[in-house]
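Next up, query12.cif (mmCIF, C-alpha atoms):
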data_coords
#
loop_
_atom_site.label_atom_id
_atom_site.label_comp_id
_atom_site.auth_asym_id
_atom_site.auth_seq_id
_atom_site.Cartn_x
_atom_site.Cartn_y
_atom_site.Cartn_z
CA MET V 882 0.00 0.00 0.00
CA GLU V 883 1.46 3.38 -0.96
CA SER V 884 2.07 5.85 1.82
CA THR V 885 0.37 9.25 2.01
CA LEU V 886 3.60 10.95 1.02
CA GLU V 887 3.96 8.81 -2.11
CA LEU V 888 0.37 9.68 -3.09
CA HIS V 889 1.06 13.39 -2.58
CA LEU V 890 4.19 13.17 -4.73
CA ASP V 891 2.22 11.44 -7.49
CA ASP V 892 -0.51 14.11 -7.25
CA THR V 893 2.09 16.85 -7.49
CA MET V 894 3.50 15.34 -10.67
CA LYS V 895 0.04 15.44 -12.28
CA ASN V 896 0.51 19.19 -12.69
CA PRO V 897 1.85 19.49 -16.27
CA ALA V 898 4.21 22.32 -15.30
CA ILE V 899 5.97 20.22 -12.66
CA ILE V 900 8.79 17.95 -13.83
CA GLY V 901 10.29 16.96 -10.50
CA VAL V 902 9.58 16.92 -6.79
CA LEU V 903 11.61 15.83 -3.78
CA CYS V 904 11.24 15.69 0.01
CA THR V 905 14.12 15.32 2.45
CA ASP V 906 14.62 15.37 6.19
CA GLN V 907 17.03 17.76 7.89
CA GLN V 908 19.98 15.45 7.29
CA GLY V 909 19.34 15.36 3.55
CA HIS V 910 17.95 11.81 3.55
CA ILE V 911 15.39 11.38 0.79
CA LEU V 912 11.83 10.75 1.98
CA GLY V 913 10.50 10.57 -1.58
CA CYS V 914 11.22 11.93 -5.05
CA ARG V 915 9.85 11.96 -8.59
CA GLY V 916 10.94 13.02 -12.06
CA SER V 917 13.98 15.24 -12.55
CA LEU V 918 14.81 15.42 -8.82
CA SER V 919 16.41 12.34 -7.31
CA ASP V 920 18.60 10.98 -4.50
CA GLU V 921 21.66 12.97 -5.58
CA HIS V 922 19.84 16.28 -4.98
CA GLY V 923 18.80 15.62 -1.39
CA GLY V 924 21.95 16.93 0.26
CA VAL V 925 22.06 20.24 -1.61
CA VAL V 926 18.34 20.86 -1.08
CA SER V 927 18.48 20.30 2.69
CA VAL V 928 21.65 22.39 3.10
CA LEU V 929 20.13 25.28 1.12
CA ALA V 930 17.05 25.25 3.34
CA ARG V 931 19.19 25.22 6.47
CA GLN V 932 21.39 28.10 5.24
CA VAL V 933 18.50 30.31 4.22
CA ALA V 934 16.85 30.00 7.64
CA SER V 935 19.57 32.21 9.12
CA LEU V 936 18.49 35.14 6.91
CA THR V 937 15.43 35.82 9.04
CA LYS V 938 14.97 36.24 12.80
CA ASP V 939 11.25 35.50 12.52
CA PRO V 940 10.76 31.78 13.31
CA THR V 941 7.36 31.80 11.56
CA ASP V 942 8.83 33.13 8.31
CA SER V 943 9.82 30.18 6.11
CA PRO V 944 11.81 31.54 3.16
CA THR V 945 11.49 30.08 -0.32
CA VAL V 946 14.64 29.70 -2.41
CA CYS V 947 14.16 29.75 -6.17
CA LEU V 948 16.93 28.72 -8.57
CA GLU V 949 15.95 30.14 -11.96
CA SER V 950 17.37 28.90 -15.24
CA ASP V 951 16.36 28.21 -18.84
CA SER V 952 15.41 24.65 -17.91
CA GLY V 953 12.93 25.84 -15.30
CA ASN V 954 12.79 26.91 -11.68
CA ILE V 955 13.68 24.84 -8.66
CA LEU V 956 11.79 25.99 -5.60
CA VAL V 957 12.99 24.92 -2.17
CA ARG V 958 11.22 25.47 1.13
CA ALA V 959 11.36 23.94 4.59
CA HIS V 960 8.18 22.92 6.40
CA GLY V 961 9.17 22.04 9.95
CA THR V 962 11.73 19.25 9.72
CA ILE V 963 10.91 18.42 6.10
CA THR V 964 12.34 20.23 3.08
CA VAL V 965 10.43 20.18 -0.20
CA ALA V 966 11.90 20.94 -3.62
CA VAL V 967 9.81 21.35 -6.77
CA HIS V 968 11.21 21.60 -10.32
CA LYS V 969 8.80 23.62 -12.39
CA MET V 970 8.92 24.71 -16.01
CA SER V 971 9.34 28.47 -16.52
CA SER V 972 5.96 30.07 -17.24
CA MET Y 1445 35.30 47.70 -14.22
CA THR Y 1446 35.21 50.14 -11.30
CA THR Y 1447 32.93 49.51 -8.35
CA SER Y 1448 30.86 52.61 -9.14
CA ALA Y 1449 30.27 51.34 -12.68
CA LEU Y 1450 29.01 48.08 -11.19
CA THR Y 1451 26.69 49.74 -8.71
CA GLN Y 1452 25.22 52.41 -11.02
CA GLY Y 1453 22.89 49.84 -12.54
CA LEU Y 1454 21.91 48.43 -9.15
CA GLU Y 1455 20.93 51.89 -7.91
CA ARG Y 1456 18.32 52.16 -10.66
CA ILE Y 1457 16.51 48.85 -9.96
CA PRO Y 1458 12.87 49.65 -9.09
CA ASP Y 1459 11.76 48.91 -5.51
CA GLN Y 1460 15.32 48.16 -4.44
CA LEU Y 1461 15.88 48.54 -0.69
CA GLY Y 1462 19.60 47.85 -0.77
CA TYR Y 1463 22.33 45.87 -2.50
CA LEU Y 1464 25.62 44.02 -2.05
CA VAL Y 1465 28.42 43.28 -4.48
CA ILE Y 1466 30.55 40.42 -3.17
CA SER Y 1467 33.72 38.76 -4.42
CA GLU Y 1468 35.74 35.85 -2.99
CA ASP Y 1469 37.77 38.47 -1.10
CA GLY Y 1470 34.74 40.02 0.56
CA VAL Y 1471 32.17 42.78 0.12
CA LEU Y 1472 33.12 45.24 -2.64
CA ALA Y 1473 30.10 47.52 -2.26
CA SER Y 1474 26.95 47.75 -0.16
CA ALA Y 1475 24.10 50.21 0.18
CA GLY Y 1476 20.71 50.87 1.71
CA GLU Y 1477 19.40 48.19 4.09
CA LEU Y 1478 22.31 45.94 3.15
CA GLU Y 1479 24.99 48.51 3.94
CA ASN Y 1480 27.76 46.84 5.95
CA ASP Y 1481 25.57 43.75 6.32
CA GLU Y 1482 28.37 41.18 6.60
CA HIS Y 1483 25.99 38.53 7.97
CA THR Y 1484 23.69 38.59 4.94
CA ALA Y 1485 26.69 38.69 2.59
CA GLY Y 1486 28.16 35.63 4.28
CA VAL Y 1487 24.93 33.63 4.17
CA ILE Y 1488 24.26 34.51 0.53
CA MET Y 1489 27.79 33.47 -0.47
CA GLN Y 1490 27.35 30.14 1.33
CA MET Y 1491 24.07 29.61 -0.52
CA VAL Y 1492 25.60 30.46 -3.90
CA ARG Y 1493 28.41 27.92 -3.29
CA THR Y 1494 25.84 25.29 -2.24
CA ALA Y 1495 23.54 26.00 -5.18
CA CYS Y 1496 26.44 25.69 -7.62
CA HIS Y 1497 26.75 22.04 -6.56
CA PHE Y 1498 23.23 21.38 -7.81
CA ARG Y 1499 23.35 19.51 -11.10
CA LEU Y 1500 20.39 18.20 -13.04
CA GLN Y 1501 21.01 15.04 -15.08
CA GLY Y 1502 23.31 15.71 -18.00
CA ALA Y 1503 23.61 19.44 -17.31
CA ALA Y 1504 27.07 20.88 -17.77
CA GLU Y 1505 26.31 24.52 -17.04
CA PRO Y 1506 25.63 26.00 -13.56
CA PRO Y 1507 22.14 25.28 -12.32
CA PHE Y 1508 20.90 28.82 -12.10
CA LYS Y 1509 21.07 32.20 -13.78
CA ARG Y 1510 19.38 33.86 -10.87
CA MET Y 1511 18.61 32.83 -7.30
CA SER Y 1512 15.70 34.46 -5.51
CA VAL Y 1513 15.20 34.21 -1.76
CA MET Y 1514 11.62 35.10 -0.93
CA LEU Y 1515 10.77 36.15 2.60
CA GLU Y 1516 7.56 37.58 4.02
CA ASP Y 1517 8.19 41.24 3.28
CA TYR Y 1518 11.14 41.30 0.90
CA VAL Y 1519 13.08 39.35 -1.71
CA TYR Y 1520 16.83 38.92 -2.20
CA THR Y 1521 17.65 38.53 -5.89
CA VAL Y 1522 21.10 37.06 -6.50
CA THR Y 1523 23.11 36.63 -9.67
CA VAL Y 1524 26.73 35.84 -10.47
CA SER Y 1525 28.72 37.67 -13.12
CA GLY Y 1526 32.42 38.20 -13.71
CA GLN Y 1527 33.49 36.37 -10.51
CA LYS Y 1528 31.24 38.63 -8.46
CA VAL Y 1529 27.95 37.99 -6.69
CA PHE Y 1530 25.31 40.70 -6.96
CA VAL Y 1531 22.55 40.78 -4.33
CA VAL Y 1532 19.59 43.16 -4.46
CA LYS Y 1533 17.01 43.42 -1.68
CA ARG Y 1534 13.60 44.35 -3.07
CA GLN Y 1535 10.13 44.86 -1.70
CA ASN Y 1536 8.08 41.65 -1.91
CA ASN Y 1537 4.86 42.68 -3.61
CA LYS Y 1538 2.89 39.54 -2.97
CA ARG Y 1539 0.08 38.77 -5.32
CA GLU Y 1540 -2.86 36.84 -3.98
CA PRO Y 1541 -4.09 34.01 -6.22
CA VAL Y 1542 -7.11 34.92 -8.30
CA VAL Y 1543 -10.06 32.59 -7.82
CA VAL Y 1544 -12.00 32.06 -11.02
#

For this file, write the structure as C-alpha cells.
Amino acid sequence: MESTLELHLDDTMKNPAIIGVLCTDQQGHILGCRGSLSDEHGGVVSVLARQVASLTKDPTDSPTVCLESDSGNILVRAHGTITVAVHKMSS
Amino acid sequence: MTTSALTQGLERIPDQLGYLVISEDGVLASAGELENDEHTAGVIMQMVRTACHFRLQGAAEPPFKRMSVMLEDYVYTVTVSGQKVFVVKRQNNKREPVVV
C-alpha cells in the first residue's frame, strides 16, 4: 500500500508544469522523489534550506529559495523538519 | 570595471531597498538596508556555493542564472557575473491568487 507521502508526490507530478519533486529530512535523507529530482539532490536541497533560515529572525517566516534557469525553476522550502523541492517549467 | 560602474545599474533597480556586491575576497560595495551587512553577505555566499553544486542530469552549465530568496516582506535577488555575486534586496509585492 502506498504511503500518504507517495500519493502526494504522485498528485504533485500530475501538474503538467511540474517535472520533478523531492522531500528530504534535515539530514538530507530522501523521503520521496519523482521526475527530474532524485537521491543525488537531497543533500544540496536540505543544506540550502538550512542556510536560508539564518536570513530571518522571525521563526514563523519560512523563506522560499528559487533557482531560476532556462530549464525551469527549482523551488525549495522547509516545512518544519521536512524540506520540499519542486522543479517547475518556466511560465 | 570600477565599483561605481558596477553599482550604477543596481541603484536604478525599481523597488530596491539595498544591495551588495561580493567577491571571494569580501564585500566590494553595499548600500541601503544591506549597507555593511556582513551577515547577509556571508549567508548569501554560502548559498551560492551550495547551489552551484546542484546539477540536473546531463547538465554541464551551472544550475541557475538567478537565485531568488523570498521572505515575508522582501526578496533577495542574486546573480553571479564576472566572478562577483550581486545581491539586491527588493520589496516583496505579494500577489494573492485569483479565484476564477

What are the nearest atom pairs, with distances in Å to one decimal, for all residues of chain V that come at most 9 Å from chain Y, using only C-alpha atoms, set out by chain and rising residue number as JSON lines?
{"residue": "V:Ser917", "atom": "CA", "partner": "Y:Leu1500", "partner_atom": "CA", "distance": 7.1}
{"residue": "V:Leu918", "atom": "CA", "partner": "Y:Leu1500", "partner_atom": "CA", "distance": 7.5}
{"residue": "V:Glu921", "atom": "CA", "partner": "Y:Arg1499", "partner_atom": "CA", "distance": 8.7}
{"residue": "V:His922", "atom": "CA", "partner": "Y:Phe1498", "partner_atom": "CA", "distance": 6.7}
{"residue": "V:Val925", "atom": "CA", "partner": "Y:Thr1494", "partner_atom": "CA", "distance": 6.3}
{"residue": "V:Val926", "atom": "CA", "partner": "Y:Phe1498", "partner_atom": "CA", "distance": 8.3}
{"residue": "V:Val928", "atom": "CA", "partner": "Y:Thr1494", "partner_atom": "CA", "distance": 7.4}
{"residue": "V:Leu929", "atom": "CA", "partner": "Y:Met1491", "partner_atom": "CA", "distance": 6.1}
{"residue": "V:Gln932", "atom": "CA", "partner": "Y:Met1491", "partner_atom": "CA", "distance": 6.5}
{"residue": "V:Val933", "atom": "CA", "partner": "Y:Val1487", "partner_atom": "CA", "distance": 7.2}
{"residue": "V:Ser935", "atom": "CA", "partner": "Y:Val1487", "partner_atom": "CA", "distance": 7.4}
{"residue": "V:Leu936", "atom": "CA", "partner": "Y:Thr1484", "partner_atom": "CA", "distance": 6.5}
{"residue": "V:Thr937", "atom": "CA", "partner": "Y:Leu1515", "partner_atom": "CA", "distance": 8.0}
{"residue": "V:Asp942", "atom": "CA", "partner": "Y:Glu1516", "partner_atom": "CA", "distance": 6.3}
{"residue": "V:Ser943", "atom": "CA", "partner": "Y:Leu1515", "partner_atom": "CA", "distance": 7.0}
{"residue": "V:Pro944", "atom": "CA", "partner": "Y:Leu1515", "partner_atom": "CA", "distance": 4.8}
{"residue": "V:Thr945", "atom": "CA", "partner": "Y:Met1514", "partner_atom": "CA", "distance": 5.1}
{"residue": "V:Val946", "atom": "CA", "partner": "Y:Val1513", "partner_atom": "CA", "distance": 4.6}
{"residue": "V:Cys947", "atom": "CA", "partner": "Y:Ser1512", "partner_atom": "CA", "distance": 5.0}
{"residue": "V:Leu948", "atom": "CA", "partner": "Y:Met1511", "partner_atom": "CA", "distance": 4.6}
{"residue": "V:Glu949", "atom": "CA", "partner": "Y:Phe1508", "partner_atom": "CA", "distance": 5.1}
{"residue": "V:Ser950", "atom": "CA", "partner": "Y:Phe1508", "partner_atom": "CA", "distance": 4.7}
{"residue": "V:Asp951", "atom": "CA", "partner": "Y:Lys1509", "partner_atom": "CA", "distance": 8.0}
{"residue": "V:Ser952", "atom": "CA", "partner": "Y:Pro1507", "partner_atom": "CA", "distance": 8.8}
{"residue": "V:Asn954", "atom": "CA", "partner": "Y:Phe1508", "partner_atom": "CA", "distance": 8.3}
{"residue": "V:Ile955", "atom": "CA", "partner": "Y:Phe1508", "partner_atom": "CA", "distance": 8.9}

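Selection around (15.6, 13.8, 4.0) with radius 9 Å, counting all atoms listed in the file, yields the residues Leu903, Cys904, Thr905, Asp906, Gln907, Gln908, Gly909, His910, Ile911, Leu912, Gly913, Gly923, Gly924, Ser927, Thr962, Ile963 and Thr964 of chain V.
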
Checklist line | Interatomic distance, CA of Val1465 in chain Y to CA of Val1532 in chain Y (Å, one decimal) | finding: 8.8 Å

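Pairwise distance (CA of Ala1475 in chain Y, CA of Thr941 in chain V) equals 27.4 Å.
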
Margin query: For Thr893 in chain V, find every residue with an atom within 12 Å (counting all atoms listed in the file), except residues of its own chain fewer than 3 positions away, and show them as a PyMOL selection string.
Written below: chain V and resi 886-890+896-904+914-916+965-969

Checklist line | Separation of CA of Phe1530 in chain Y from CA of Gly1453 in chain Y in Å | finding: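 For CA of Gly1453 in chain Y relative to CA of Phe1530 in chain Y, the distance reads 11.0 Å.
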
All file atoms of range 1457-1464 of chain Y boxed axis-aligned, 4 Å per side, centre plus edges, as lines of an AutoDock Vina configuration file:
center_x = 18.7
center_y = 46.8
center_z = -5.3
size_x = 21.9
size_y = 13.6
size_z = 17.3

Item checked: Distance query range 1534-1536 of chain Y at most 6 Å, all atoms listed in the file, self and fewer than 2 positions along chain excluded, as number ranges by chain -> Y: 1459-1461, 1517-1519, 1538

Next item on the list: Might you pull out every residue within 8 Å of Lys1528 in chain Y, with only C-alpha atoms counted and same-chain residues fewer than 3 positions away left off, and present them as an MDAnalysis selection string?
Entry: chainID Y and resid 1465:1468 1524:1525

Would you mind writing range 1491-1502 of chain Y with all heavy atoms, as a short mmCIF file (atom, residue, chain, number, x, y, z; two decimals), keeping the file's coordinate frame?
data_model
loop_
_atom_site.label_atom_id
_atom_site.label_comp_id
_atom_site.auth_asym_id
_atom_site.auth_seq_id
_atom_site.Cartn_x
_atom_site.Cartn_y
_atom_site.Cartn_z
N MET Y 1491 25.15 30.18 0.28
CA MET Y 1491 24.07 29.61 -0.52
C MET Y 1491 24.45 29.52 -1.99
O MET Y 1491 24.10 28.53 -2.66
CB MET Y 1491 22.81 30.46 -0.36
CG MET Y 1491 22.21 30.39 1.04
SD MET Y 1491 20.76 31.40 1.21
CE MET Y 1491 19.64 30.66 0.05
N VAL Y 1492 25.18 30.50 -2.50
CA VAL Y 1492 25.60 30.46 -3.90
C VAL Y 1492 26.54 29.26 -4.11
O VAL Y 1492 26.40 28.52 -5.08
CB VAL Y 1492 26.30 31.78 -4.30
CG1 VAL Y 1492 27.02 31.65 -5.64
CG2 VAL Y 1492 25.28 32.91 -4.37
N ARG Y 1493 27.48 29.07 -3.18
CA ARG Y 1493 28.41 27.92 -3.29
C ARG Y 1493 27.64 26.61 -3.24
O ARG Y 1493 27.92 25.68 -4.00
CB ARG Y 1493 29.46 27.96 -2.18
CG ARG Y 1493 30.46 29.08 -2.31
CD ARG Y 1493 31.61 28.96 -1.29
NE ARG Y 1493 32.36 30.20 -1.25
CZ ARG Y 1493 32.25 31.11 -0.30
NH1 ARG Y 1493 31.42 30.92 0.72
NH2 ARG Y 1493 32.96 32.23 -0.33
N THR Y 1494 26.65 26.51 -2.34
CA THR Y 1494 25.84 25.29 -2.24
C THR Y 1494 25.06 25.07 -3.52
O THR Y 1494 25.06 23.97 -4.09
CB THR Y 1494 24.85 25.38 -1.05
OG1 THR Y 1494 25.57 25.61 0.14
CG2 THR Y 1494 24.03 24.11 -0.93
N ALA Y 1495 24.40 26.13 -4.00
CA ALA Y 1495 23.54 26.00 -5.18
C ALA Y 1495 24.35 25.62 -6.42
O ALA Y 1495 23.84 24.94 -7.31
CB ALA Y 1495 22.78 27.30 -5.42
N CYS Y 1496 25.60 26.04 -6.47
CA CYS Y 1496 26.44 25.69 -7.62
C CYS Y 1496 26.76 24.20 -7.68
O CYS Y 1496 27.17 23.69 -8.71
CB CYS Y 1496 27.73 26.51 -7.63
SG CYS Y 1496 27.45 28.20 -8.16
N HIS Y 1497 26.54 23.48 -6.56
CA HIS Y 1497 26.75 22.04 -6.56
C HIS Y 1497 25.54 21.28 -7.11
O HIS Y 1497 25.61 20.08 -7.32
CB HIS Y 1497 27.02 21.53 -5.13
CG HIS Y 1497 28.39 21.85 -4.65
ND1 HIS Y 1497 28.65 22.75 -3.65
CD2 HIS Y 1497 29.59 21.41 -5.07
CE1 HIS Y 1497 29.95 22.83 -3.46
NE2 HIS Y 1497 30.55 22.04 -4.30
N PHE Y 1498 24.46 22.00 -7.33
CA PHE Y 1498 23.23 21.38 -7.81
C PHE Y 1498 23.38 21.10 -9.30
O PHE Y 1498 23.62 21.99 -10.07
CB PHE Y 1498 22.06 22.34 -7.57
CG PHE Y 1498 20.72 21.68 -7.58
CD1 PHE Y 1498 20.03 21.50 -6.40
CD2 PHE Y 1498 20.15 21.25 -8.75
CE1 PHE Y 1498 18.79 20.89 -6.38
CE2 PHE Y 1498 18.92 20.64 -8.74
CZ PHE Y 1498 18.23 20.46 -7.56
N ARG Y 1499 23.23 19.85 -9.69
CA ARG Y 1499 23.35 19.51 -11.10
C ARG Y 1499 22.20 18.62 -11.50
O ARG Y 1499 22.01 17.53 -10.96
CB ARG Y 1499 24.66 18.75 -11.38
CG ARG Y 1499 25.89 19.61 -11.43
CD ARG Y 1499 25.95 20.44 -12.71
NE ARG Y 1499 27.20 21.19 -12.82
CZ ARG Y 1499 27.40 22.39 -12.31
NH1 ARG Y 1499 26.44 22.99 -11.66
NH2 ARG Y 1499 28.57 23.01 -12.46
N LEU Y 1500 21.43 19.08 -12.49
CA LEU Y 1500 20.39 18.20 -13.04
C LEU Y 1500 21.06 17.24 -14.01
O LEU Y 1500 22.13 17.51 -14.51
CB LEU Y 1500 19.32 19.04 -13.75
CG LEU Y 1500 18.44 19.85 -12.80
CD1 LEU Y 1500 17.66 20.90 -13.55
CD2 LEU Y 1500 17.50 18.94 -12.03
N GLN Y 1501 20.40 16.10 -14.28
CA GLN Y 1501 21.01 15.04 -15.08
C GLN Y 1501 21.49 15.56 -16.42
O GLN Y 1501 20.73 16.13 -17.19
CB GLN Y 1501 20.00 13.93 -15.30
CG GLN Y 1501 20.52 12.60 -14.90
CD GLN Y 1501 19.44 11.54 -14.93
OE1 GLN Y 1501 18.39 11.71 -15.52
NE2 GLN Y 1501 19.69 10.44 -14.28
N GLY Y 1502 22.76 15.35 -16.71
CA GLY Y 1502 23.31 15.71 -18.00
C GLY Y 1502 23.62 17.17 -18.17
O GLY Y 1502 24.09 17.59 -19.23
#
